[in-house]
Number of protein chains: 2
Amino acid sequence: MAGQRLGEFEMIARYFAPLAADAPGAFGLRDDAAAIALPPGEDLVVTTDAMVEGVHFLLKDGAARIARKLLRVNLSDLAAKGARPIGYQLAIALPESLASDEWLGAFCAGLAQDQKAFGIALYGGDTVRSPDRLMLNVTAFGAVPAGTMLRRDQAQTGDDLYVTGSIGDAALGLETKLNHRLFSSAAMMFFDSRLHLPTPRLAFGQELRGLAHAAMDVSDGLVQDAGHIASASGLRAVIHADAVPLSLATRQAVAEDKSLLPIVLTGGDDYELLFTAPPQAEQDIAALSRRVGLAVHRIGSLEAGSGVSVSGAGGQPLDLARGGFQHFGGTLE
Amino acid sequence: MAGQRLGEFEMIARYFAPLAADAPGAFGLRDDAAAIALPPGEDLVVTTDAMVEGVHFLLKDGAARIARKLLRVNLSDLAAKGARPIGYQLAIALPESLASDEWLGAFCAGLAQDQKAFGIALYGGDTVRSPDRLMLNVTAFGAVPAGTMLRRDQAQTGDDLYVTGSIGDAALGLETKLNHRLFSSAAMMFFDSRLHLPTPRLAFGQELRGLAHAAMDVSDGLVQDAGHIASASGLRAVIHADAVPLSLATRQAVAEDKSLLPIVLTGGDDYELLFTAPPQAEQDIAALSRRVGLAVHRIGSLEAGSGVSVSGAGGQPLDLARGGFQHFGGTLE
């Protein structure tokens with residue numbers, strides 16, 4: 001009954017229960033809890049990411065894209081930890097205006113599409129009323145062989161620092177969204193898709209177990225996140241800006257306006273994998289890159305000390321005005 | 001620095017990381033994910049409950065009490081599933097006005113107090129900014145021997161229906177809070193504490209495994225939740241209103257005003273355990289009640305059919321105007 005407001009139980013039965021059909025321990029979302037059985041010898045890996053309307057997304061981004069980004073930012077954390085994804089709990093605080101067949105249908109179609117793409121299922125959650133703002137929370141589960149979860153704090157002196165894919169595309173998408181910065185229409189479409197539909201590097205992450213010393217995904221910005229690995233490991237990260245992989249569109253944008261480089265290096269939402277590995281792993285990492293079909297670049301190293309330094313062309317230190325993107329401080333409104 | 005606004009990382013390090021000290025796989029909350037190792041032969045049990053300012057609580061309820069209720073409603077679900085609690089993920093969407101030492105200190109003191117009381121630890125989560133309203137989400141983890149999670153859908157024809165503790169106290173607390181209903185001051189203090197600090201029946205729930213056929217906690221209201229067990233099990237629930245256990249304070253309130261009885265029977269937030277068991281389990285359930293020190297009453301039975309019927313004194317059907325409490329529809333504002 002399109003346009004009608006739905007009650008909680010009807011909403012769960014009609015929209016969310018079908019998303020749990022492939023989760024044997026979810027009992028059709030008709031219980032208070034789900035049961036998850038792990039194969040012997042595996043650890044559960046668990047991660048949580050919340051998204052708030054007006055802070056992390058706008059309703060005009062579209063229900064399906066909001067749903068898919070919500071899953072993907074959580075899956076990206078699992079990827080960075082080397083985990084095989086299993087499923088998720090979803091909490092949704094829903095304003096009455098969105099308790100409609102139209103909005104929920106689109107939102108759950110987005111979830112269904114990415115569940116299928118990444119081989120996960122909904123296990124449970126909570127649906128509550130929000131008096132105004134849409135808020136979403138996912139706790140995602142994955143598994144790794146016991147004791148092998150990739151961590152931030154295991155980088156070693158002399159490790160190389162690597163990053164997958166390309167950096168800065170989402171930050172330039174945000175520049176357009178927030179500051180109405182114009183690029184070519186093809187570039188803007190690309191940046192927008194990188195901002196709203198990041199690709200969790202799941203296959204690559206799982207193969208990094210045993211190869212990388214430390215790993216995380218780039219969500220706060222490359223420089224800040226390199227700082228997180230450095231700080232957790234008690235080391236200093238050195239990044240060569242020239243070695244940071246840029247997409248063709250971002251390379252062109254930076255060539256035309258050098259002031260974009262700090263935004264590219266410190267902007268958030270890349271959801272690439274940032275990891276460290278010993279020099280002798282270089283060949284294996286190159287082989288992994290070819291096997292998975294995902295570019296990986298060596299962008300620096302870990303050294304004794306603390307903090308992060310970024311050097312530009314010719315090796316002189318680069319002064320980055322921005323300290324990195326903190327979701328907590330930002331707003332889209 | 002009291003009164004100063006805190007950044008996300010400072011907030012995590014100062015307030016939330018100490019709550020994760022006893023969680024070996026939480027890595028001091030300095031990673032993107034936590035690792036949880038389960039003993040062989042156990043299933044993970046996972047449950048999620050969200051709370052929204054103005055819908056589930058008011059800021060004037062107090063930061064510590066909000067925190068403790070948030071944990072307790074989740075622990076109550078674990079109790080009802082027969083699970084041993086392990087820990088939780090916390091997502092908090094925090095308005096800037098609450099990003100203070102005073103508020104966060106009190107909130108985390110409440111979490112710490114109940115973590116200790118119930119033997120759990122914080123494993124991870126997310127801290128994001130809310131432009132206005134405080135929203136909280138917990139995903140709690142527990143464990144059961146594989147395949148033994150108590151469910152709603154396993155009630156059998158001829159089962160007795162039982163409930164722990166007393167019913168309706170929280171509903172009368174909500175009557176005072178929402179409708180300014182007055183009771184004696186001792187009664188109002190008791191109702192208020194039952195509303196804001198429910199007691200998860202963890203020890204009792206774990207001993208129900210193998211004894212009960214079906215179980216859940218009473219959060220939506222006794223009648224509605226009995227309906228959930230009935231509907232999930234394909235049966236009819238019959239409740240004898242006279243057998244429903246009432247506290248002394250609630251019994252007095254209902255004696256003075258009969259119109260409170262439907263509120264007591266259908267109001268939410270009791271967080272007692274509602275379960276079914278075969279007649280031959282009666283002695284074991286009585287023994288369990290004595291051993292754990294928690295009252296349990298037989299209030300009805302499960303029969304062929306569907307729905308819920310409630311009979312009053314003398315056996316005539318009781319007409320309950322209210323259909324049960326749906327958090328999704330309610331508001332405290």
# chains A, B, ... in the order shown; residues from 1 in each chain; ligands from 1

$ residues_around --residues "range 214-224 of chain B" --least-positions-apart "6" --cutoff "7 Å" --atoms "only C-alpha atoms" --output "list in words"
Asp32 of chain A; Ser76, Asp77, Ala80, Lys81, Leu150, Arg151, Arg152, Asp153, Gln154, Ala155, Leu265, Thr266, Gly267, Gly268, Asp269, Asp270, Tyr271, Glu272, Leu273, Leu274, Phe275, Thr276, Gly323, Gly324, Phe325 and Gln326 of chain B

$ select_by_dssp --residues "range 65-306 of chain B" --states "strand (DSSP E)" --output "number ranges by chain"
B: 84-95, 121-130, 135-145, 160-164, 214-217, 236-240, 273-277, 296-303

$ closest_residue --among "A:Ala21, A:Ala35, A:Leu136, A:Ala64" --to "Ala50 in chain B" --atoms "only C-alpha atoms"
A:Leu136

$ calpha_fit_and_write --fixed "chain A" --moving "chain B" --output "CSV table (one decimal) with C-alpha atoms, in the first residue's frame"
chain,number,residue,atom,x,y,z
B,1,MET,CA,-0.1,0.1,0.0
B,2,ALA,CA,2.1,2.7,-1.4
B,3,GLY,CA,2.3,6.0,0.5
B,4,GLN,CA,0.8,4.5,3.7
B,5,ARG,CA,2.9,4.6,6.9
B,6,LEU,CA,4.0,1.2,8.1
B,7,GLY,CA,4.1,-0.2,11.6
B,8,GLU,CA,7.3,-1.7,12.9
B,9,PHE,CA,6.4,-5.4,12.6
B,10,GLU,CA,4.9,-5.0,9.2
B,11,MET,CA,8.0,-3.1,8.1
B,12,ILE,CA,10.3,-5.9,9.4
B,13,ALA,CA,8.2,-8.7,7.8
B,14,ARG,CA,7.9,-6.9,4.4
B,15,TYR,CA,11.2,-5.3,3.9
B,16,PHE,CA,13.9,-6.6,6.3
B,17,ALA,CA,13.0,-10.3,6.7
B,18,PRO,CA,13.7,-11.1,3.1
B,19,LEU,CA,17.2,-9.8,3.6
B,20,ALA,CA,17.8,-12.4,6.3
B,21,ALA,CA,16.6,-15.4,4.2
B,22,ASP,CA,20.2,-16.6,3.6
B,23,ALA,CA,21.2,-16.3,7.3
B,24,PRO,CA,20.4,-19.6,8.9
B,25,GLY,CA,20.7,-18.2,12.5
B,26,ALA,CA,18.6,-15.2,11.9
B,27,PHE,CA,15.3,-17.1,12.2
B,28,GLY,CA,13.6,-14.8,9.7
B,29,LEU,CA,14.2,-11.8,12.0
B,30,ARG,CA,11.3,-13.1,14.2
B,31,ASP,CA,13.5,-13.6,17.3
B,32,ASP,CA,15.3,-11.3,19.7
B,33,ALA,CA,18.7,-12.4,18.7
B,34,ALA,CA,20.6,-14.3,16.0
B,35,ALA,CA,22.9,-17.3,16.4
B,36,ILE,CA,26.2,-17.3,14.4
B,37,ALA,CA,28.2,-20.6,14.2
B,38,LEU,CA,31.9,-20.1,13.3
B,39,PRO,CA,34.0,-22.9,11.9
B,40,PRO,CA,36.4,-24.2,14.5
B,41,GLY,CA,39.7,-22.3,14.6
B,42,GLU,CA,38.3,-19.0,13.4
B,43,ASP,CA,37.9,-15.7,15.3
B,44,LEU,CA,35.0,-13.5,14.8
B,45,VAL,CA,35.9,-10.0,13.5
B,46,VAL,CA,33.4,-7.3,14.4
B,47,THR,CA,33.2,-3.7,13.3
B,48,THR,CA,30.7,-0.8,13.6
B,49,ASP,CA,30.0,2.2,11.5
B,50,ALA,CA,27.2,4.7,12.0
B,51,MET,CA,25.9,7.2,9.5
B,52,VAL,CA,23.9,10.3,10.4
B,53,GLU,CA,21.7,12.3,8.0
B,54,GLY,CA,23.3,15.7,7.4
B,55,VAL,CA,26.7,14.6,8.7
B,56,HIS,CA,27.6,11.5,6.6
B,57,PHE,CA,24.9,11.7,3.9
B,58,LEU,CA,21.9,13.7,2.6
B,59,LEU,CA,18.5,12.2,1.8
B,60,LYS,CA,18.9,13.4,-1.7
B,61,ASP,CA,21.8,11.0,-2.1
B,62,GLY,CA,19.1,8.4,-2.6
B,63,ALA,CA,17.9,5.6,-0.4
B,64,ALA,CA,19.7,2.8,-2.4
B,65,ARG,CA,23.0,4.6,-2.5
B,66,ILE,CA,22.8,5.4,1.2
B,67,ALA,CA,22.1,1.8,2.0
B,68,ARG,CA,25.0,0.5,-0.2
B,69,LYS,CA,27.5,3.0,1.3
B,70,LEU,CA,26.5,2.0,4.8
B,71,LEU,CA,27.3,-1.6,4.0
B,72,ARG,CA,30.4,-0.8,2.0
B,73,VAL,CA,32.1,1.3,4.7
B,74,ASN,CA,31.6,-1.6,7.1
B,75,LEU,CA,32.8,-4.2,4.7
B,76,SER,CA,35.9,-2.0,4.0
B,77,ASP,CA,36.8,-2.4,7.7
B,78,LEU,CA,36.5,-6.2,7.4
B,79,ALA,CA,38.6,-6.1,4.2
B,80,ALA,CA,41.3,-4.2,6.0
B,81,LYS,CA,41.4,-6.7,8.8
B,82,GLY,CA,41.8,-9.6,6.4
B,83,ALA,CA,38.3,-11.0,7.2
B,84,ARG,CA,35.9,-13.0,5.2
B,85,PRO,CA,32.6,-11.2,5.5
B,86,ILE,CA,29.6,-13.1,7.0
B,87,GLY,CA,26.8,-10.7,7.8
B,88,TYR,CA,25.5,-7.7,9.7
B,89,GLN,CA,23.2,-6.2,12.3
B,90,LEU,CA,21.3,-3.1,11.1
B,91,ALA,CA,19.8,-0.4,13.4
B,92,ILE,CA,17.7,2.2,11.7
B,93,ALA,CA,16.2,5.2,13.4
B,94,LEU,CA,13.5,6.2,10.9
B,95,PRO,CA,11.6,9.4,10.6
B,96,GLU,CA,7.9,8.8,9.9
B,97,SER,CA,8.2,10.5,6.5
B,98,LEU,CA,10.5,7.7,5.3
B,99,ALA,CA,8.3,4.8,6.7
B,100,SER,CA,6.9,4.4,3.2
B,101,ASP,CA,6.9,1.6,0.7
B,102,GLU,CA,8.8,3.9,-1.7
B,103,TRP,CA,11.7,4.8,0.5
B,104,LEU,CA,12.0,1.5,2.3
B,105,GLY,CA,11.7,-0.4,-0.9
B,106,ALA,CA,14.6,1.5,-2.5
B,107,PHE,CA,16.7,1.3,0.7
B,108,CYS,CA,16.3,-2.5,1.0
B,109,ALA,CA,16.8,-3.0,-2.7
B,110,GLY,CA,20.2,-1.3,-2.2
B,111,LEU,CA,21.0,-3.6,0.7
B,112,ALA,CA,19.9,-6.7,-1.2
B,113,GLN,CA,22.0,-5.7,-4.2
B,114,ASP,CA,25.2,-5.3,-2.1
B,115,GLN,CA,24.4,-8.3,0.1
B,116,LYS,CA,24.5,-10.4,-3.1
B,117,ALA,CA,27.6,-8.7,-4.5
B,118,PHE,CA,29.6,-9.3,-1.3
B,119,GLY,CA,28.1,-12.6,-0.1
B,120,ILE,CA,26.6,-11.4,3.2
B,121,ALA,CA,23.2,-11.5,4.9
B,122,LEU,CA,21.2,-9.5,7.4
B,123,TYR,CA,21.2,-11.3,10.8
B,124,GLY,CA,19.1,-8.9,12.9
B,125,GLY,CA,18.9,-5.4,14.3
B,126,ASP,CA,16.5,-2.8,15.5
B,127,THR,CA,14.0,-0.5,13.8
B,128,VAL,CA,13.0,2.5,15.9
B,129,ARG,CA,11.3,5.8,15.3
B,130,SER,CA,13.3,9.0,14.9
B,131,PRO,CA,11.4,12.3,15.4
B,132,ASP,CA,13.4,13.9,12.6
B,133,ARG,CA,16.7,12.7,11.4
B,134,LEU,CA,17.6,9.4,9.7
B,135,MET,CA,20.3,7.6,11.6
B,136,LEU,CA,21.8,4.3,10.5
B,137,ASN,CA,24.2,1.9,12.2
B,138,VAL,CA,25.7,-1.4,11.0
B,139,THR,CA,27.7,-3.8,13.0
B,140,ALA,CA,29.3,-6.2,10.5
B,141,PHE,CA,30.8,-9.6,11.2
B,142,GLY,CA,33.5,-11.5,9.5
B,143,ALA,CA,35.9,-14.3,10.3
B,144,VAL,CA,39.7,-14.9,10.2
B,145,PRO,CA,41.8,-17.9,11.1
B,146,ALA,CA,42.3,-17.5,14.9
B,147,GLY,CA,44.9,-14.9,15.8
B,148,THR,CA,45.4,-13.7,12.2
B,149,MET,CA,43.3,-10.5,12.1
B,150,LEU,CA,45.3,-7.7,10.5
B,151,ARG,CA,46.0,-4.9,12.9
B,152,ARG,CA,47.2,-1.3,12.9
B,153,ASP,CA,49.8,-1.7,15.6
B,154,GLN,CA,52.1,-4.4,14.0
B,155,ALA,CA,54.1,-2.2,11.6
B,156,GLN,CA,57.9,-2.7,11.9
B,157,THR,CA,60.8,-0.4,11.3
B,158,GLY,CA,61.9,-0.6,7.7
B,159,ASP,CA,58.5,-1.7,6.4
B,160,ASP,CA,57.3,-0.3,3.1
B,161,LEU,CA,54.0,1.5,3.1
B,162,TYR,CA,51.5,0.6,0.4
B,163,VAL,CA,48.1,1.7,-0.7
B,164,THR,CA,45.6,0.1,-3.2
B,165,GLY,CA,43.6,1.8,-5.9
B,166,SER,CA,43.7,5.6,-6.1
B,167,ILE,CA,43.5,8.3,-3.5
B,168,GLY,CA,41.6,11.6,-3.4
B,169,ASP,CA,38.7,10.8,-5.8
B,170,ALA,CA,36.1,10.8,-3.1
B,171,ALA,CA,37.6,14.0,-1.6
B,172,LEU,CA,37.1,15.8,-4.9
B,173,GLY,CA,33.6,14.5,-5.1
B,174,LEU,CA,33.0,16.0,-1.7
B,175,GLU,CA,34.5,19.3,-2.9
B,176,THR,CA,31.8,19.4,-5.6
B,177,LYS,CA,29.1,18.4,-3.2
B,178,LEU,CA,30.1,20.9,-0.4
B,179,ASN,CA,31.8,23.7,-2.2
B,180,HIS,CA,30.3,23.4,-5.7
B,181,ARG,CA,33.7,22.9,-7.2
B,182,LEU,CA,33.4,22.1,-10.9
B,183,PHE,CA,35.4,19.6,-12.9
B,184,SER,CA,34.6,18.0,-16.3
B,185,SER,CA,31.3,16.2,-16.2
B,186,ALA,CA,32.9,12.8,-16.7
B,187,ALA,CA,35.3,13.6,-13.8
B,188,MET,CA,32.4,14.7,-11.6
B,189,MET,CA,30.5,11.5,-12.3
B,190,PHE,CA,33.5,9.4,-11.4
B,191,PHE,CA,34.3,11.4,-8.2
B,192,ASP,CA,30.6,11.1,-7.2
B,193,SER,CA,30.6,7.4,-7.6
B,194,ARG,CA,33.8,7.0,-5.7
B,195,LEU,CA,32.3,9.1,-2.9
B,196,HIS,CA,29.0,7.3,-2.7
B,197,LEU,CA,29.9,3.7,-3.8
B,198,PRO,CA,33.4,2.9,-2.4
B,199,THR,CA,34.6,-0.6,-3.2
B,200,PRO,CA,35.5,-2.7,-0.2
B,201,ARG,CA,38.8,-4.5,-1.1
B,202,LEU,CA,37.7,-7.8,0.3
B,203,ALA,CA,39.6,-10.3,-1.9
B,204,PHE,CA,42.8,-8.3,-1.6
B,205,GLY,CA,42.5,-7.9,2.2
B,206,GLN,CA,42.1,-11.6,2.8
B,207,GLU,CA,45.2,-12.4,0.8
B,208,LEU,CA,47.2,-9.8,2.8
B,209,ARG,CA,47.0,-12.0,5.9
B,210,GLY,CA,50.5,-13.3,6.5
B,211,LEU,CA,52.0,-10.9,4.0
B,212,ALA,CA,51.3,-7.5,5.6
B,213,HIS,CA,52.5,-6.5,9.0
B,214,ALA,CA,49.8,-3.8,9.6
B,215,ALA,CA,46.7,-2.7,7.7
B,216,MET,CA,43.7,-0.4,7.9
B,217,ASP,CA,41.3,1.2,5.4
B,218,VAL,CA,41.7,4.8,4.4
B,219,SER,CA,38.6,6.5,5.7
B,220,ASP,CA,39.8,9.6,7.5
B,221,GLY,CA,42.3,10.6,4.8
B,222,LEU,CA,45.6,9.1,3.7
B,223,VAL,CA,47.9,11.2,5.8
B,224,GLN,CA,45.9,10.9,8.9
B,225,ASP,CA,45.4,7.2,8.5
B,226,ALA,CA,49.1,6.6,7.9
B,227,GLY,CA,49.5,8.5,11.2
B,228,HIS,CA,47.2,6.0,12.9
B,229,ILE,CA,49.4,3.1,11.8
B,230,ALA,CA,52.5,4.9,12.8
B,231,SER,CA,51.2,5.9,16.2
B,232,ALA,CA,49.7,2.5,17.0
B,233,SER,CA,53.0,0.9,16.0
B,234,GLY,CA,55.2,3.4,17.8
B,235,LEU,CA,56.9,4.5,14.5
B,236,ARG,CA,57.1,7.4,12.0
B,237,ALA,CA,55.4,7.1,8.6
B,238,VAL,CA,57.1,8.7,5.6
B,239,ILE,CA,55.0,9.3,2.5
B,240,HIS,CA,56.3,10.4,-0.9
B,241,ALA,CA,53.5,12.5,-2.3
B,242,ASP,CA,54.7,11.8,-5.9
B,243,ALA,CA,54.2,8.1,-5.3
B,244,VAL,CA,50.6,8.3,-4.1
B,245,PRO,CA,48.4,6.8,-6.8
B,246,LEU,CA,46.0,9.2,-8.4
B,247,SER,CA,43.3,8.4,-10.9
B,248,LEU,CA,43.5,10.1,-14.3
B,249,ALA,CA,40.7,12.4,-13.4
B,250,THR,CA,42.3,13.4,-10.1
B,251,ARG,CA,45.7,13.8,-11.7
B,252,GLN,CA,44.2,16.2,-14.2
B,253,ALA,CA,42.4,18.2,-11.6
B,254,VAL,CA,45.6,18.6,-9.5
B,255,ALA,CA,47.6,19.5,-12.6
B,256,GLU,CA,45.1,22.3,-13.2
B,257,ASP,CA,45.0,23.5,-9.6
B,258,LYS,CA,47.9,22.6,-7.3
B,259,SER,CA,45.9,23.7,-4.3
B,260,LEU,CA,43.9,20.5,-4.6
B,261,LEU,CA,46.9,18.3,-3.6
B,262,PRO,CA,46.4,18.7,0.1
B,263,ILE,CA,42.7,17.9,-0.2
B,264,VAL,CA,43.6,14.8,-2.2
B,265,LEU,CA,46.2,13.6,0.4
B,266,THR,CA,44.1,14.4,3.5
B,267,GLY,CA,40.5,14.0,2.3
B,268,GLY,CA,38.5,11.1,3.6
B,269,ASP,CA,36.3,8.4,2.2
B,270,ASP,CA,38.8,6.6,-0.1
B,271,TYR,CA,38.2,3.2,1.4
B,272,GLU,CA,41.4,1.8,-0.1
B,273,LEU,CA,43.7,-0.4,1.9
B,274,LEU,CA,46.7,1.1,3.5
B,275,PHE,CA,49.3,-1.5,4.7
B,276,THR,CA,52.9,-2.1,5.6
B,277,ALA,CA,55.0,-5.0,4.7
B,278,PRO,CA,58.7,-5.9,4.9
B,279,PRO,CA,60.8,-5.2,1.8
B,280,GLN,CA,61.1,-8.9,1.0
B,281,ALA,CA,57.4,-9.1,0.5
B,282,GLU,CA,57.5,-6.8,-2.6
B,283,GLN,CA,57.3,-9.6,-5.2
B,284,ASP,CA,54.5,-11.3,-3.4
B,285,ILE,CA,52.5,-8.1,-3.2
B,286,ALA,CA,53.1,-7.4,-6.9
B,287,ALA,CA,51.8,-10.9,-7.7
B,288,LEU,CA,48.8,-10.4,-5.4
B,289,SER,CA,48.0,-7.2,-7.2
B,290,ARG,CA,48.0,-9.0,-10.6
B,291,ARG,CA,46.1,-12.0,-9.3
B,292,VAL,CA,43.3,-9.9,-7.7
B,293,GLY,CA,43.4,-7.2,-10.5
B,294,LEU,CA,43.8,-4.3,-8.1
B,295,ALA,CA,46.6,-1.8,-8.4
B,296,VAL,CA,48.9,-1.3,-5.4
B,297,HIS,CA,51.6,1.3,-5.0
B,298,ARG,CA,54.4,1.6,-2.6
B,299,ILE,CA,54.1,5.2,-1.3
B,300,GLY,CA,56.6,5.4,1.6
B,301,SER,CA,58.0,3.6,4.6
B,302,LEU,CA,57.9,3.2,8.4
B,303,GLU,CA,60.9,4.5,10.3
B,304,ALA,CA,61.9,4.9,13.9
B,305,GLY,CA,60.3,8.0,15.4
B,306,SER,CA,56.8,9.3,15.5
B,307,GLY,CA,54.3,11.2,13.4
B,308,VAL,CA,53.9,11.4,9.6
B,309,SER,CA,56.1,13.3,7.1
B,310,VAL,CA,55.0,13.9,3.5
B,311,SER,CA,57.7,14.9,1.0
B,312,GLY,CA,56.9,16.4,-2.4
B,313,ALA,CA,58.7,16.4,-5.7
B,314,GLY,CA,62.5,16.6,-5.1
B,315,GLY,CA,62.1,15.4,-1.6
B,316,GLN,CA,61.3,18.7,0.2
B,317,PRO,CA,58.7,18.4,3.0
B,318,LEU,CA,55.2,19.2,1.9
B,319,ASP,CA,53.2,21.4,4.3
B,320,LEU,CA,49.6,20.2,4.4
B,321,ALA,CA,47.3,22.8,5.8
B,322,ARG,CA,44.6,20.2,6.6
B,323,GLY,CA,45.1,17.7,9.4
B,324,GLY,CA,42.8,15.2,7.9
B,325,PHE,CA,39.1,14.6,7.8
B,326,GLN,CA,37.2,13.9,11.1
B,327,HIS,CA,33.7,12.8,10.5
B,328,PHE,CA,32.9,13.9,14.0
B,329,GLY,CA,33.6,17.6,13.1
B,330,GLY,CA,32.3,17.7,9.6
B,331,THR,CA,28.8,18.4,8.4
B,332,LEU,CA,27.1,18.3,5.0
B,333,GLU,CA,24.4,20.8,5.8

$ decode --residues "range 102-126 of chain B" --atoms "C-alpha atoms" --output "PDB file, in the first residue's frame"
ATOM      1  CA  GLU B 102      30.818  16.153  32.529  1.00  0.00           C
ATOM      2  CA  TRP B 103      28.344  14.321  30.333  1.00  0.00           C
ATOM      3  CA  LEU B 104      30.733  11.735  28.899  1.00  0.00           C
ATOM      4  CA  GLY B 105      32.234  11.096  32.318  1.00  0.00           C
ATOM      5  CA  ALA B 106      28.840  10.294  33.787  1.00  0.00           C
ATOM      6  CA  PHE B 107      27.741   8.259  30.757  1.00  0.00           C
ATOM      7  CA  CYS B 108      30.886   6.129  30.798  1.00  0.00           C
ATOM      8  CA  ALA B 109      30.762   5.738  34.581  1.00  0.00           C
ATOM      9  CA  GLY B 110      27.310   4.210  34.083  1.00  0.00           C
ATOM     10  CA  LEU B 111      28.661   1.857  31.416  1.00  0.00           C
ATOM     11  CA  ALA B 112      31.615   0.905  33.636  1.00  0.00           C
ATOM     12  CA  GLN B 113      29.363   0.175  36.598  1.00  0.00           C
ATOM     13  CA  ASP B 114      27.137  -2.200  34.636  1.00  0.00           C
ATOM     14  CA  GLN B 115      30.015  -3.766  32.724  1.00  0.00           C
ATOM     15  CA  LYS B 116      31.397  -4.796  36.097  1.00  0.00           C
ATOM     16  CA  ALA B 117      28.016  -5.908  37.419  1.00  0.00           C
ATOM     17  CA  PHE B 118      27.347  -8.152  34.430  1.00  0.00           C
ATOM     18  CA  GLY B 119      30.885  -9.234  33.490  1.00  0.00           C
ATOM     19  CA  ILE B 120      31.087  -7.689  30.027  1.00  0.00           C
ATOM     20  CA  ALA B 121      33.480  -5.359  28.203  1.00  0.00           C
ATOM     21  CA  LEU B 122      33.329  -2.860  25.372  1.00  0.00           C
ATOM     22  CA  TYR B 123      34.814  -4.285  22.156  1.00  0.00           C
ATOM     23  CA  GLY B 124      34.424  -1.361  19.778  1.00  0.00           C
ATOM     24  CA  GLY B 125      31.962   0.886  18.052  1.00  0.00           C
ATOM     25  CA  ASP B 126      31.670   4.281  16.470  1.00  0.00           C
TER      26      ASP B 126
END
